[in-house]
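Novice: Handing you a structure now.
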Amino acid sequence: MGGRNVIGCALFIVLTILFCEAFHFPDVAQLELSDVLNKNCGSTEYDDRDRPPEGRLQESPWLALFYYPDEPVHFCHGTLITTKHILTTAVCATNIAENETTIVLGDYELYVDQDCEGVKCLDPVQRRRAHKVILHEQYDAESFENDLAMVVLDQDVLLTDSVKPICLPLIKFEIGTVNQPNVYNALWTSKARPQQYWMRYVELDRCRKLVHNKIMLNEGQICASSFNNRTIEMIGGAGSALEVEYHNRIYQVAMLSIGILDSDPGTPFVYVDIPKYVKWIHESVKKNQ
């Protein structure tokens, strides 16, 4: 019996040596497989499963807003993924003028000089210019396939409690099933504070029917609709994040691409499936540091 135990232990050691470089525990894989993504990412002071409809102070510190020069209202969203890179849609990026478009980070309540809640006040917002815009090479303006772009800032942001990168799923994990976190789309609408819409995934075949085949859905696109059939106002929300909490960090699993105007409550929105583009995102950041 002792000999069998020795053989078993020896076999375990050999298998460990053979596979230790190939296997990663999930948290290690998500944070260490890329040398440029998922650094100091995805942390907030909130850990409750159900989010309130209105975002709280510093709850989504990765949200970015794009503004035309001298315009008071944003035209698109994005998410901070490194100190110098913003992820957004190609639809948004085609309206961004290099060295002119302003990107605002660290905002909470729009149109006020300084965000405060009780005695707690935030640092001033950080403003940057779009130094370079990188469109996905296979973006199709008709089908919205590969609706993805990267914006390189003219200078790094300063990381604070109000400005942090979001984590990206370097290895895809399943969400929306039993014992998995809720999924939220966080963005600014016509209201001054960011809204948080509880969403659910919609299978592509069903999504095609619900949007009456007005949009050709392809690989890399997914659909989600309001979990409780709320009327969702997402005009100007392209590029906003579909967020999920995973192991005490917030990950962006998808990005809002398009929606059907004047649609009924519960009609799905089309999103960019982020895990399918992680390699493109990683390589784009590496080439444009």
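Chain labels A, B, ... are given in the sequence in which chains occur in the structure tokens; within each chain residues are numbered consecutively from 1, and ligands are likewise numbered from 1 in the order shown.
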Would you kindly return, as a list in words, each protein, DNA or RNA residue with an atom no farther than 7 Å from any atom of Val183 (chain A), considering only C-alpha atoms and excluding same-chain residues fewer than 3 positions away?

Specialist: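 Using only C-alpha atoms, the neighbours found are Trp198, Met199, Arg200, Leu242, Glu243 and Val244 of chain A.
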
Novice: When DSSP is applied to the backbone of this structure, which of region 180-264 of chain A are assigned strand (DSSP E or B)? Write them out as a PyMOL selection string.

Specialist: chain A and resi 183-187+195-202+221-226+241-246+249-258

Novice: If we count only C-alpha atoms, what is near Thr101 (chain A) at a cut-off of 6 Å, once residues fewer than 3 positions away on the same chain are taken out, given as a PyMOL selection string?

Specialist: chain A and resi 67-68+96-97+129-130

Novice: Please save all heavy atoms of the selected residues as a PDB file, in the first residue's frame.

Specialist:
```pdb
ATOM      1  N   TYR A  67     -16.998  64.195 -26.450  1.00  0.00           N
ATOM      2  CA  TYR A  67     -17.647  65.466 -26.751  1.00  0.00           C
ATOM      3  C   TYR A  67     -17.042  66.089 -28.006  1.00  0.00           C
ATOM      4  O   TYR A  67     -15.815  66.072 -28.183  1.00  0.00           O
ATOM      5  CB  TYR A  67     -17.457  66.459 -25.595  1.00  0.00           C
ATOM      6  CG  TYR A  67     -18.226  66.140 -24.341  1.00  0.00           C
ATOM      7  CD1 TYR A  67     -17.700  65.261 -23.398  1.00  0.00           C
ATOM      8  CD2 TYR A  67     -19.473  66.717 -24.082  1.00  0.00           C
ATOM      9  CE1 TYR A  67     -18.393  64.972 -22.222  1.00  0.00           C
ATOM     10  CE2 TYR A  67     -20.173  66.432 -22.918  1.00  0.00           C
ATOM     11  CZ  TYR A  67     -19.635  65.556 -21.992  1.00  0.00           C
ATOM     12  OH  TYR A  67     -20.325  65.271 -20.837  1.00  0.00           O
ATOM     13  N   TYR A  68     -17.913  66.650 -28.836  1.00  0.00           N
ATOM     14  CA  TYR A  68     -17.427  67.506 -29.921  1.00  0.00           C
ATOM     15  C   TYR A  68     -16.885  68.795 -29.307  1.00  0.00           C
ATOM     16  O   TYR A  68     -17.342  69.210 -28.225  1.00  0.00           O
ATOM     17  CB  TYR A  68     -18.550  67.846 -30.891  1.00  0.00           C
ATOM     18  CG  TYR A  68     -19.108  66.665 -31.653  1.00  0.00           C
ATOM     19  CD1 TYR A  68     -20.452  66.312 -31.541  1.00  0.00           C
ATOM     20  CD2 TYR A  68     -18.306  65.919 -32.515  1.00  0.00           C
ATOM     21  CE1 TYR A  68     -20.975  65.236 -32.238  1.00  0.00           C
ATOM     22  CE2 TYR A  68     -18.814  64.847 -33.217  1.00  0.00           C
ATOM     23  CZ  TYR A  68     -20.155  64.499 -33.074  1.00  0.00           C
ATOM     24  OH  TYR A  68     -20.661  63.433 -33.768  1.00  0.00           O
ATOM     25  N   ILE A  96     -15.026  60.782 -34.282  1.00  0.00           N
ATOM     26  CA  ILE A  96     -13.981  61.345 -33.429  1.00  0.00           C
ATOM     27  C   ILE A  96     -12.912  61.990 -34.297  1.00  0.00           C
ATOM     28  O   ILE A  96     -12.393  61.375 -35.231  1.00  0.00           O
ATOM     29  CB  ILE A  96     -13.357  60.245 -32.550  1.00  0.00           C
ATOM     30  CG1 ILE A  96     -14.405  59.724 -31.555  1.00  0.00           C
ATOM     31  CG2 ILE A  96     -12.133  60.782 -31.802  1.00  0.00           C
ATOM     32  CD1 ILE A  96     -13.939  58.535 -30.758  1.00  0.00           C
ATOM     33  N   ALA A  97     -12.583  63.224 -34.003  1.00  0.00           N
ATOM     34  CA  ALA A  97     -11.529  63.951 -34.717  1.00  0.00           C
ATOM     35  C   ALA A  97     -10.269  63.946 -33.865  1.00  0.00           C
ATOM     36  O   ALA A  97     -10.285  64.405 -32.720  1.00  0.00           O
ATOM     37  CB  ALA A  97     -11.967  65.383 -35.006  1.00  0.00           C
ATOM     38  N   ARG A 129      -7.520  64.542 -24.968  1.00  0.00           N
ATOM     39  CA  ARG A 129      -7.832  64.610 -26.394  1.00  0.00           C
ATOM     40  C   ARG A 129      -7.608  63.244 -27.029  1.00  0.00           C
ATOM     41  O   ARG A 129      -6.835  62.420 -26.525  1.00  0.00           O
ATOM     42  CB  ARG A 129      -6.944  65.636 -27.088  1.00  0.00           C
ATOM     43  CG  ARG A 129      -7.142  67.063 -26.598  1.00  0.00           C
ATOM     44  CD  ARG A 129      -8.417  67.683 -27.095  1.00  0.00           C
ATOM     45  NE  ARG A 129      -8.524  69.093 -26.709  1.00  0.00           N
ATOM     46  CZ  ARG A 129      -9.580  69.850 -26.959  1.00  0.00           C
ATOM     47  NH1 ARG A 129     -10.618  69.341 -27.601  1.00  0.00           N
ATOM     48  NH2 ARG A 129      -9.602  71.120 -26.586  1.00  0.00           N
ATOM     49  N   ALA A 130      -8.279  63.015 -28.133  1.00  0.00           N
ATOM     50  CA  ALA A 130      -8.080  61.782 -28.898  1.00  0.00           C
ATOM     51  C   ALA A 130      -6.837  61.947 -29.761  1.00  0.00           C
ATOM     52  O   ALA A 130      -6.857  62.666 -30.760  1.00  0.00           O
ATOM     53  CB  ALA A 130      -9.297  61.483 -29.760  1.00  0.00           C
TER      54      ALA A 130
END
```

Novice: Skipping near chain neighbours, those fewer than 4 positions away, what residues fall within 12 Å of Asn182 (chain A) using only C-alpha atoms, listed as a PDB file with all heavy atoms, in the first residue's frame?

Specialist:
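Resulting contents of result36.pdb:
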```pdb
ATOM      1  N   ASP A  47     -20.171  46.160  -3.497  1.00  0.00           N
ATOM      2  CA  ASP A  47     -20.121  44.737  -3.790  1.00  0.00           C
ATOM      3  C   ASP A  47     -21.485  44.057  -3.724  1.00  0.00           C
ATOM      4  O   ASP A  47     -21.588  42.842  -3.706  1.00  0.00           O
ATOM      5  CB  ASP A  47     -19.146  44.028  -2.838  1.00  0.00           C
ATOM      6  CG  ASP A  47     -19.521  44.217  -1.368  1.00  0.00           C
ATOM      7  OD1 ASP A  47     -20.566  44.842  -1.094  1.00  0.00           O
ATOM      8  OD2 ASP A  47     -18.763  43.727  -0.505  1.00  0.00           O
ATOM      9  N   ASP A  48     -22.572  44.862  -3.681  1.00  0.00           N
ATOM     10  CA  ASP A  48     -23.895  44.262  -3.611  1.00  0.00           C
ATOM     11  C   ASP A  48     -24.303  43.688  -4.965  1.00  0.00           C
ATOM     12  O   ASP A  48     -23.975  44.224  -6.021  1.00  0.00           O
ATOM     13  CB  ASP A  48     -24.943  45.265  -3.113  1.00  0.00           C
ATOM     14  CG  ASP A  48     -24.728  46.676  -3.615  1.00  0.00           C
ATOM     15  OD1 ASP A  48     -23.650  46.946  -4.171  1.00  0.00           O
ATOM     16  OD2 ASP A  48     -25.627  47.501  -3.462  1.00  0.00           O
ATOM     17  N   ARG A  49     -25.028  42.588  -4.924  1.00  0.00           N
ATOM     18  CA  ARG A  49     -25.419  41.876  -6.141  1.00  0.00           C
ATOM     19  C   ARG A  49     -26.370  42.696  -6.996  1.00  0.00           C
ATOM     20  O   ARG A  49     -26.227  42.764  -8.212  1.00  0.00           O
ATOM     21  CB  ARG A  49     -26.076  40.537  -5.757  1.00  0.00           C
ATOM     22  CG  ARG A  49     -26.606  39.739  -6.947  1.00  0.00           C
ATOM     23  CD  ARG A  49     -27.285  38.472  -6.473  1.00  0.00           C
ATOM     24  NE  ARG A  49     -27.913  37.770  -7.591  1.00  0.00           N
ATOM     25  CZ  ARG A  49     -27.294  36.893  -8.354  1.00  0.00           C
ATOM     26  NH1 ARG A  49     -26.017  36.624  -8.133  1.00  0.00           N
ATOM     27  NH2 ARG A  49     -27.927  36.283  -9.337  1.00  0.00           N
ATOM     28  N   ASP A  50     -27.346  43.329  -6.370  1.00  0.00           N
ATOM     29  CA  ASP A  50     -28.337  44.114  -7.096  1.00  0.00           C
ATOM     30  C   ASP A  50     -27.977  45.588  -7.027  1.00  0.00           C
ATOM     31  O   ASP A  50     -27.918  46.177  -5.941  1.00  0.00           O
ATOM     32  CB  ASP A  50     -29.734  43.888  -6.517  1.00  0.00           C
ATOM     33  CG  ASP A  50     -30.193  42.450  -6.670  1.00  0.00           C
ATOM     34  OD1 ASP A  50     -29.909  41.869  -7.729  1.00  0.00           O
ATOM     35  OD2 ASP A  50     -30.806  41.911  -5.727  1.00  0.00           O
ATOM     36  N   ARG A  51     -27.772  46.185  -8.168  1.00  0.00           N
ATOM     37  CA  ARG A  51     -27.417  47.602  -8.214  1.00  0.00           C
ATOM     38  C   ARG A  51     -28.676  48.458  -8.261  1.00  0.00           C
ATOM     39  O   ARG A  51     -29.699  48.050  -8.819  1.00  0.00           O
ATOM     40  CB  ARG A  51     -26.583  47.904  -9.452  1.00  0.00           C
ATOM     41  CG  ARG A  51     -25.263  47.169  -9.543  1.00  0.00           C
ATOM     42  CD  ARG A  51     -24.457  47.765 -10.671  1.00  0.00           C
ATOM     43  NE  ARG A  51     -23.365  46.924 -11.095  1.00  0.00           N
ATOM     44  CZ  ARG A  51     -22.537  47.235 -12.083  1.00  0.00           C
ATOM     45  NH1 ARG A  51     -22.699  48.364 -12.760  1.00  0.00           N
ATOM     46  NH2 ARG A  51     -21.551  46.423 -12.414  1.00  0.00           N
ATOM     47  N   GLU A 174     -18.839  32.049 -18.305  1.00  0.00           N
ATOM     48  CA  GLU A 174     -20.273  32.042 -18.572  1.00  0.00           C
ATOM     49  C   GLU A 174     -20.990  32.912 -17.551  1.00  0.00           C
ATOM     50  O   GLU A 174     -20.691  32.871 -16.358  1.00  0.00           O
ATOM     51  CB  GLU A 174     -20.827  30.617 -18.519  1.00  0.00           C
ATOM     52  CG  GLU A 174     -20.258  29.707 -19.584  1.00  0.00           C
ATOM     53  CD  GLU A 174     -20.572  30.189 -20.991  1.00  0.00           C
ATOM     54  OE1 GLU A 174     -21.662  30.742 -21.198  1.00  0.00           O
ATOM     55  OE2 GLU A 174     -19.709  30.012 -21.866  1.00  0.00           O
ATOM     56  N   ILE A 175     -21.925  33.695 -18.020  1.00  0.00           N
ATOM     57  CA  ILE A 175     -22.719  34.521 -17.114  1.00  0.00           C
ATOM     58  C   ILE A 175     -24.192  34.345 -17.454  1.00  0.00           C
ATOM     59  O   ILE A 175     -24.552  33.806 -18.500  1.00  0.00           O
ATOM     60  CB  ILE A 175     -22.336  36.010 -17.214  1.00  0.00           C
ATOM     61  CG1 ILE A 175     -22.567  36.513 -18.639  1.00  0.00           C
ATOM     62  CG2 ILE A 175     -20.913  36.240 -16.790  1.00  0.00           C
ATOM     63  CD1 ILE A 175     -22.334  37.990 -18.768  1.00  0.00           C
ATOM     64  N   GLY A 176     -25.033  34.784 -16.544  1.00  0.00           N
ATOM     65  CA  GLY A 176     -26.467  34.703 -16.772  1.00  0.00           C
ATOM     66  C   GLY A 176     -27.074  33.384 -16.358  1.00  0.00           C
ATOM     67  O   GLY A 176     -28.250  33.150 -16.544  1.00  0.00           O
ATOM     68  N   THR A 177     -26.289  32.452 -15.788  1.00  0.00           N
ATOM     69  CA  THR A 177     -26.806  31.168 -15.338  1.00  0.00           C
ATOM     70  C   THR A 177     -26.939  31.178 -13.825  1.00  0.00           C
ATOM     71  O   THR A 177     -26.712  32.182 -13.158  1.00  0.00           O
ATOM     72  CB  THR A 177     -25.881  30.027 -15.790  1.00  0.00           C
ATOM     73  OG1 THR A 177     -24.550  30.311 -15.321  1.00  0.00           O
ATOM     74  CG2 THR A 177     -25.844  29.935 -17.305  1.00  0.00           C
ATOM     75  N   VAL A 178     -27.305  30.026 -13.264  1.00  0.00           N
ATOM     76  CA  VAL A 178     -27.524  29.935 -11.823  1.00  0.00           C
ATOM     77  C   VAL A 178     -26.244  30.294 -11.077  1.00  0.00           C
ATOM     78  O   VAL A 178     -25.144  29.908 -11.453  1.00  0.00           O
ATOM     79  CB  VAL A 178     -27.983  28.510 -11.455  1.00  0.00           C
ATOM     80  CG1 VAL A 178     -28.142  28.383  -9.940  1.00  0.00           C
ATOM     81  CG2 VAL A 178     -29.291  28.187 -12.162  1.00  0.00           C
ATOM     82  N   GLN A 196     -28.238  52.526 -14.515  1.00  0.00           N
ATOM     83  CA  GLN A 196     -27.780  51.141 -14.541  1.00  0.00           C
ATOM     84  C   GLN A 196     -28.967  50.236 -14.869  1.00  0.00           C
ATOM     85  O   GLN A 196     -29.866  50.055 -14.041  1.00  0.00           O
ATOM     86  CB  GLN A 196     -27.153  50.762 -13.195  1.00  0.00           C
ATOM     87  CG  GLN A 196     -25.992  51.686 -12.828  1.00  0.00           C
ATOM     88  CD  GLN A 196     -25.264  51.257 -11.568  1.00  0.00           C
ATOM     89  OE1 GLN A 196     -24.078  51.056 -11.579  1.00  0.00           O
ATOM     90  NE2 GLN A 196     -25.979  51.130 -10.465  1.00  0.00           N
ATOM     91  N   TYR A 197     -28.949  49.680 -16.069  1.00  0.00           N
ATOM     92  CA  TYR A 197     -30.054  48.849 -16.530  1.00  0.00           C
ATOM     93  C   TYR A 197     -29.702  47.370 -16.354  1.00  0.00           C
ATOM     94  O   TYR A 197     -28.696  46.897 -16.880  1.00  0.00           O
ATOM     95  CB  TYR A 197     -30.355  49.138 -17.996  1.00  0.00           C
ATOM     96  CG  TYR A 197     -30.869  50.540 -18.260  1.00  0.00           C
ATOM     97  CD1 TYR A 197     -30.082  51.480 -18.916  1.00  0.00           C
ATOM     98  CD2 TYR A 197     -32.143  50.917 -17.840  1.00  0.00           C
ATOM     99  CE1 TYR A 197     -30.553  52.757 -19.166  1.00  0.00           C
ATOM    100  CE2 TYR A 197     -32.623  52.199 -18.078  1.00  0.00           C
ATOM    101  CZ  TYR A 197     -31.819  53.115 -18.743  1.00  0.00           C
ATOM    102  OH  TYR A 197     -32.283  54.390 -18.981  1.00  0.00           O
ATOM    103  N   TRP A 198     -30.545  46.689 -15.625  1.00  0.00           N
ATOM    104  CA  TRP A 198     -30.382  45.246 -15.431  1.00  0.00           C
ATOM    105  C   TRP A 198     -30.799  44.551 -16.722  1.00  0.00           C
ATOM    106  O   TRP A 198     -31.918  44.710 -17.193  1.00  0.00           O
ATOM    107  CB  TRP A 198     -31.242  44.818 -14.248  1.00  0.00           C
ATOM    108  CG  TRP A 198     -31.096  43.381 -13.843  1.00  0.00           C
ATOM    109  CD1 TRP A 198     -30.113  42.515 -14.203  1.00  0.00           C
ATOM    110  CD2 TRP A 198     -31.973  42.665 -12.975  1.00  0.00           C
ATOM    111  NE1 TRP A 198     -30.306  41.295 -13.621  1.00  0.00           N
ATOM    112  CE2 TRP A 198     -31.450  41.356 -12.854  1.00  0.00           C
ATOM    113  CE3 TRP A 198     -33.136  42.996 -12.287  1.00  0.00           C
ATOM    114  CZ2 TRP A 198     -32.070  40.373 -12.071  1.00  0.00           C
ATOM    115  CZ3 TRP A 198     -33.747  42.013 -11.506  1.00  0.00           C
ATOM    116  CH2 TRP A 198     -33.214  40.721 -11.404  1.00  0.00           C
ATOM    117  N   MET A 199     -29.878  43.764 -17.302  1.00  0.00           N
ATOM    118  CA  MET A 199     -30.099  43.186 -18.616  1.00  0.00           C
ATOM    119  C   MET A 199     -30.060  41.657 -18.572  1.00  0.00           C
ATOM    120  O   MET A 199     -29.545  41.053 -17.631  1.00  0.00           O
ATOM    121  CB  MET A 199     -29.021  43.682 -19.599  1.00  0.00           C
ATOM    122  CG  MET A 199     -28.879  45.196 -19.676  1.00  0.00           C
ATOM    123  SD  MET A 199     -30.300  46.043 -20.380  1.00  0.00           S
ATOM    124  CE  MET A 199     -30.117  45.616 -22.111  1.00  0.00           C
ATOM    125  N   ARG A 200     -30.618  41.063 -19.617  1.00  0.00           N
ATOM    126  CA  ARG A 200     -30.523  39.609 -19.795  1.00  0.00           C
ATOM    127  C   ARG A 200     -30.152  39.306 -21.245  1.00  0.00           C
ATOM    128  O   ARG A 200     -30.524  40.039 -22.160  1.00  0.00           O
ATOM    129  CB  ARG A 200     -31.839  38.926 -19.431  1.00  0.00           C
ATOM    130  CG  ARG A 200     -32.930  39.075 -20.458  1.00  0.00           C
ATOM    131  CD  ARG A 200     -34.097  38.146 -20.180  1.00  0.00           C
ATOM    132  NE  ARG A 200     -35.060  38.753 -19.283  1.00  0.00           N
ATOM    133  CZ  ARG A 200     -35.804  38.058 -18.428  1.00  0.00           C
ATOM    134  NH1 ARG A 200     -35.654  36.754 -18.346  1.00  0.00           N
ATOM    135  NH2 ARG A 200     -36.684  38.661 -17.662  1.00  0.00           N
ATOM    136  N   TYR A 201     -29.417  38.216 -21.442  1.00  0.00           N
ATOM    137  CA  TYR A 201     -29.031  37.817 -22.793  1.00  0.00           C
ATOM    138  C   TYR A 201     -30.230  37.288 -23.572  1.00  0.00           C
ATOM    139  O   TYR A 201     -31.137  36.679 -23.005  1.00  0.00           O
ATOM    140  CB  TYR A 201     -27.943  36.755 -22.753  1.00  0.00           C
ATOM    141  CG  TYR A 201     -26.569  37.301 -22.490  1.00  0.00           C
ATOM    142  CD1 TYR A 201     -25.893  37.002 -21.312  1.00  0.00           C
ATOM    143  CD2 TYR A 201     -25.942  38.136 -23.411  1.00  0.00           C
ATOM    144  CE1 TYR A 201     -24.633  37.507 -21.060  1.00  0.00           C
ATOM    145  CE2 TYR A 201     -24.690  38.649 -23.169  1.00  0.00           C
ATOM    146  CZ  TYR A 201     -24.043  38.331 -21.996  1.00  0.00           C
ATOM    147  OH  TYR A 201     -22.794  38.833 -21.751  1.00  0.00           O
ATOM    148  N   SER A 226     -33.796  44.472 -21.556  1.00  0.00           N
ATOM    149  CA  SER A 226     -34.094  44.797 -20.169  1.00  0.00           C
ATOM    150  C   SER A 226     -34.619  43.561 -19.449  1.00  0.00           C
ATOM    151  O   SER A 226     -35.522  42.880 -19.936  1.00  0.00           O
ATOM    152  CB  SER A 226     -35.127  45.915 -20.097  1.00  0.00           C
ATOM    153  OG  SER A 226     -35.605  46.076 -18.777  1.00  0.00           O
ATOM    154  N   PHE A 227     -34.078  43.271 -18.277  1.00  0.00           N
ATOM    155  CA  PHE A 227     -34.495  42.095 -17.527  1.00  0.00           C
ATOM    156  C   PHE A 227     -35.953  42.189 -17.119  1.00  0.00           C
ATOM    157  O   PHE A 227     -36.666  41.189 -17.089  1.00  0.00           O
ATOM    158  CB  PHE A 227     -33.606  41.920 -16.290  1.00  0.00           C
ATOM    159  CG  PHE A 227     -33.784  40.605 -15.601  1.00  0.00           C
ATOM    160  CD1 PHE A 227     -33.024  39.502 -15.971  1.00  0.00           C
ATOM    161  CD2 PHE A 227     -34.721  40.449 -14.588  1.00  0.00           C
ATOM    162  CE1 PHE A 227     -33.197  38.278 -15.350  1.00  0.00           C
ATOM    163  CE2 PHE A 227     -34.902  39.229 -13.966  1.00  0.00           C
ATOM    164  CZ  PHE A 227     -34.135  38.140 -14.346  1.00  0.00           C
ATOM    165  N   LEU A 242     -21.462  46.706 -20.912  1.00  0.00           N
ATOM    166  CA  LEU A 242     -22.286  45.688 -20.264  1.00  0.00           C
ATOM    167  C   LEU A 242     -21.375  45.052 -19.219  1.00  0.00           C
ATOM    168  O   LEU A 242     -20.382  44.399 -19.556  1.00  0.00           O
ATOM    169  CB  LEU A 242     -22.777  44.658 -21.273  1.00  0.00           C
ATOM    170  CG  LEU A 242     -23.958  43.785 -20.837  1.00  0.00           C
ATOM    171  CD1 LEU A 242     -25.198  44.631 -20.593  1.00  0.00           C
ATOM    172  CD2 LEU A 242     -24.263  42.719 -21.873  1.00  0.00           C
ATOM    173  N   GLU A 243     -21.697  45.263 -17.948  1.00  0.00           N
ATOM    174  CA  GLU A 243     -20.786  44.945 -16.855  1.00  0.00           C
ATOM    175  C   GLU A 243     -21.290  43.785 -16.019  1.00  0.00           C
ATOM    176  O   GLU A 243     -22.492  43.603 -15.838  1.00  0.00           O
ATOM    177  CB  GLU A 243     -20.623  46.160 -15.935  1.00  0.00           C
ATOM    178  CG  GLU A 243     -20.159  47.429 -16.623  1.00  0.00           C
ATOM    179  CD  GLU A 243     -20.091  48.605 -15.677  1.00  0.00           C
ATOM    180  OE1 GLU A 243     -20.335  48.430 -14.459  1.00  0.00           O
ATOM    181  OE2 GLU A 243     -19.798  49.713 -16.148  1.00  0.00           O
ATOM    182  N   VAL A 244     -20.339  43.009 -15.489  1.00  0.00           N
ATOM    183  CA  VAL A 244     -20.683  41.922 -14.580  1.00  0.00           C
ATOM    184  C   VAL A 244     -19.620  41.853 -13.488  1.00  0.00           C
ATOM    185  O   VAL A 244     -18.432  42.091 -13.732  1.00  0.00           O
ATOM    186  CB  VAL A 244     -20.780  40.569 -15.331  1.00  0.00           C
ATOM    187  CG1 VAL A 244     -19.456  40.189 -15.950  1.00  0.00           C
ATOM    188  CG2 VAL A 244     -21.283  39.465 -14.418  1.00  0.00           C
ATOM    189  N   GLU A 245     -20.062  41.563 -12.269  1.00  0.00           N
ATOM    190  CA  GLU A 245     -19.125  41.365 -11.168  1.00  0.00           C
ATOM    191  C   GLU A 245     -18.652  39.919 -11.176  1.00  0.00           C
ATOM    192  O   GLU A 245     -19.432  38.980 -11.285  1.00  0.00           O
ATOM    193  CB  GLU A 245     -19.801  41.693  -9.830  1.00  0.00           C
ATOM    194  CG  GLU A 245     -18.880  41.627  -8.620  1.00  0.00           C
ATOM    195  CD  GLU A 245     -18.749  40.223  -8.052  1.00  0.00           C
ATOM    196  OE1 GLU A 245     -19.692  39.415  -8.198  1.00  0.00           O
ATOM    197  OE2 GLU A 245     -17.699  39.920  -7.457  1.00  0.00           O
ATOM    198  N   TYR A 246     -17.333  39.738 -11.098  1.00  0.00           N
ATOM    199  CA  TYR A 246     -16.759  38.398 -11.111  1.00  0.00           C
ATOM    200  C   TYR A 246     -15.564  38.393 -10.170  1.00  0.00           C
ATOM    201  O   TYR A 246     -14.583  39.105 -10.395  1.00  0.00           O
ATOM    202  CB  TYR A 246     -16.328  38.031 -12.530  1.00  0.00           C
ATOM    203  CG  TYR A 246     -15.716  36.653 -12.689  1.00  0.00           C
ATOM    204  CD1 TYR A 246     -16.512  35.515 -12.639  1.00  0.00           C
ATOM    205  CD2 TYR A 246     -14.358  36.502 -12.894  1.00  0.00           C
ATOM    206  CE1 TYR A 246     -15.967  34.252 -12.799  1.00  0.00           C
ATOM    207  CE2 TYR A 246     -13.796  35.246 -13.054  1.00  0.00           C
ATOM    208  CZ  TYR A 246     -14.606  34.126 -13.003  1.00  0.00           C
ATOM    209  OH  TYR A 246     -14.048  32.872 -13.158  1.00  0.00           O
ATOM    210  N   ILE A 250     -15.123  44.124 -11.500  1.00  0.00           N
ATOM    211  CA  ILE A 250     -16.097  44.367 -12.553  1.00  0.00           C
ATOM    212  C   ILE A 250     -15.421  44.140 -13.908  1.00  0.00           C
ATOM    213  O   ILE A 250     -14.351  44.682 -14.182  1.00  0.00           O
ATOM    214  CB  ILE A 250     -16.661  45.794 -12.484  1.00  0.00           C
ATOM    215  CG1 ILE A 250     -17.270  46.050 -11.100  1.00  0.00           C
ATOM    216  CG2 ILE A 250     -17.718  46.002 -13.573  1.00  0.00           C
ATOM    217  CD1 ILE A 250     -18.413  45.136 -10.726  1.00  0.00           C
ATOM    218  N   TYR A 251     -16.058  43.316 -14.733  1.00  0.00           N
ATOM    219  CA  TYR A 251     -15.570  43.006 -16.071  1.00  0.00           C
ATOM    220  C   TYR A 251     -16.556  43.529 -17.117  1.00  0.00           C
ATOM    221  O   TYR A 251     -17.772  43.507 -16.908  1.00  0.00           O
ATOM    222  CB  TYR A 251     -15.423  41.496 -16.258  1.00  0.00           C
ATOM    223  CG  TYR A 251     -14.221  40.903 -15.558  1.00  0.00           C
ATOM    224  CD1 TYR A 251     -14.242  40.672 -14.182  1.00  0.00           C
ATOM    225  CD2 TYR A 251     -13.062  40.582 -16.260  1.00  0.00           C
ATOM    226  CE1 TYR A 251     -13.141  40.129 -13.539  1.00  0.00           C
ATOM    227  CE2 TYR A 251     -11.958  40.040 -15.626  1.00  0.00           C
ATOM    228  CZ  TYR A 251     -12.003  39.812 -14.259  1.00  0.00           C
ATOM    229  OH  TYR A 251     -10.905  39.278 -13.627  1.00  0.00           O
ATOM    230  N   VAL A 253     -18.161  42.597 -20.349  1.00  0.00           N
ATOM    231  CA  VAL A 253     -18.369  41.420 -21.185  1.00  0.00           C
ATOM    232  C   VAL A 253     -18.889  41.776 -22.570  1.00  0.00           C
ATOM    233  O   VAL A 253     -18.836  40.963 -23.491  1.00  0.00           O
ATOM    234  CB  VAL A 253     -19.323  40.413 -20.505  1.00  0.00           C
ATOM    235  CG1 VAL A 253     -18.666  39.821 -19.275  1.00  0.00           C
ATOM    236  CG2 VAL A 253     -20.649  41.079 -20.133  1.00  0.00           C
TER     237      VAL A 253
END
```

Novice: Could you state the separation of CA of Cys116 (chain A) and CA of Arg193 (chain A) in Å, given to one decimal place?

Specialist: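 If I compute the distance from CA of Cys116 (chain A) to CA of Arg193 (chain A), I get 12.1 Å.
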
Novice: Using only C-alpha atoms, I'd like a table of the residues in region 12-121 of chain A that come within 7 Å of region 133-142 of chain A; for each, show the closest atom pair and its distance in Å rounded to one decimal, ordered by chain and ascending number, as CSV.

Specialist:
```
residue,atom,partner,partner_atom,distance
A:Ala90,CA,A:Leu135,CA,5.8
A:Ala93,CA,A:Val133,CA,6.7
A:Glu98,CA,A:Val133,CA,6.9
```

Novice: Find the residues near Lys172 (chain A): any atom within 12 Å, counting only C-alpha atoms, skip ones fewer than 6 places away on the same chain, and give them as a ChimeraX atom specification.

Specialist: /A:26-27,29-30,246,251-254,273-278

Novice: Pick from A:Thr79, A:Ser284, A:Ser240, A:Ser60: nearest to Thr189 (chain A), with only C-alpha atoms counted?

Specialist: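 Smallest distance to Thr189 (chain A) is found for A:Ser240.
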
Novice: If DSSP is run on the backbone, what residues of region 22-201 of chain A are alpha helix (DSSP H)? A reply as a ChimeraX atom specification would be ideal.

Specialist: /A:26-32,90-93

Novice: Ranking A:Gly259, A:Pro194, A:Gly239, A:Pro69 by minimum distance to Pro52 (chain A) and counting only C-alpha atoms, which one comes first?

Specialist: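 Result for the nearest residue to Pro52 (chain A): A:Pro194.
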
Novice: Which of these, A:Gln195, A:Asn146, A:Asn229, A:Thr94, has the shortest distance to Glu54 (chain A) once you count only C-alpha atoms?

Specialist: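 Among A:Gln195, A:Asn146, A:Asn229, A:Thr94, it is A:Gln195 that comes nearest to Glu54 (chain A).
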
Novice: When you count only C-alpha atoms, which of these residues is closest to Tyr46 (chain A): A:Arg249, A:Gln221, A:Phe75, A:Ala149?

Specialist: A:Arg249

Novice: Using only C-alpha atoms for the distances, tell me which of A:Asn185, A:Ser34, A:Asn248, A:Ser143 is nearest to Ser225 (chain A).

Specialist: A:Asn185

Novice: Would you work out the distance separating CA of Leu57 (chain A) from CA of Ile81 (chain A), expressed in Å to one decimal?

Specialist: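 For CA of Leu57 (chain A) relative to CA of Ile81 (chain A), the distance reads 19.7 Å.
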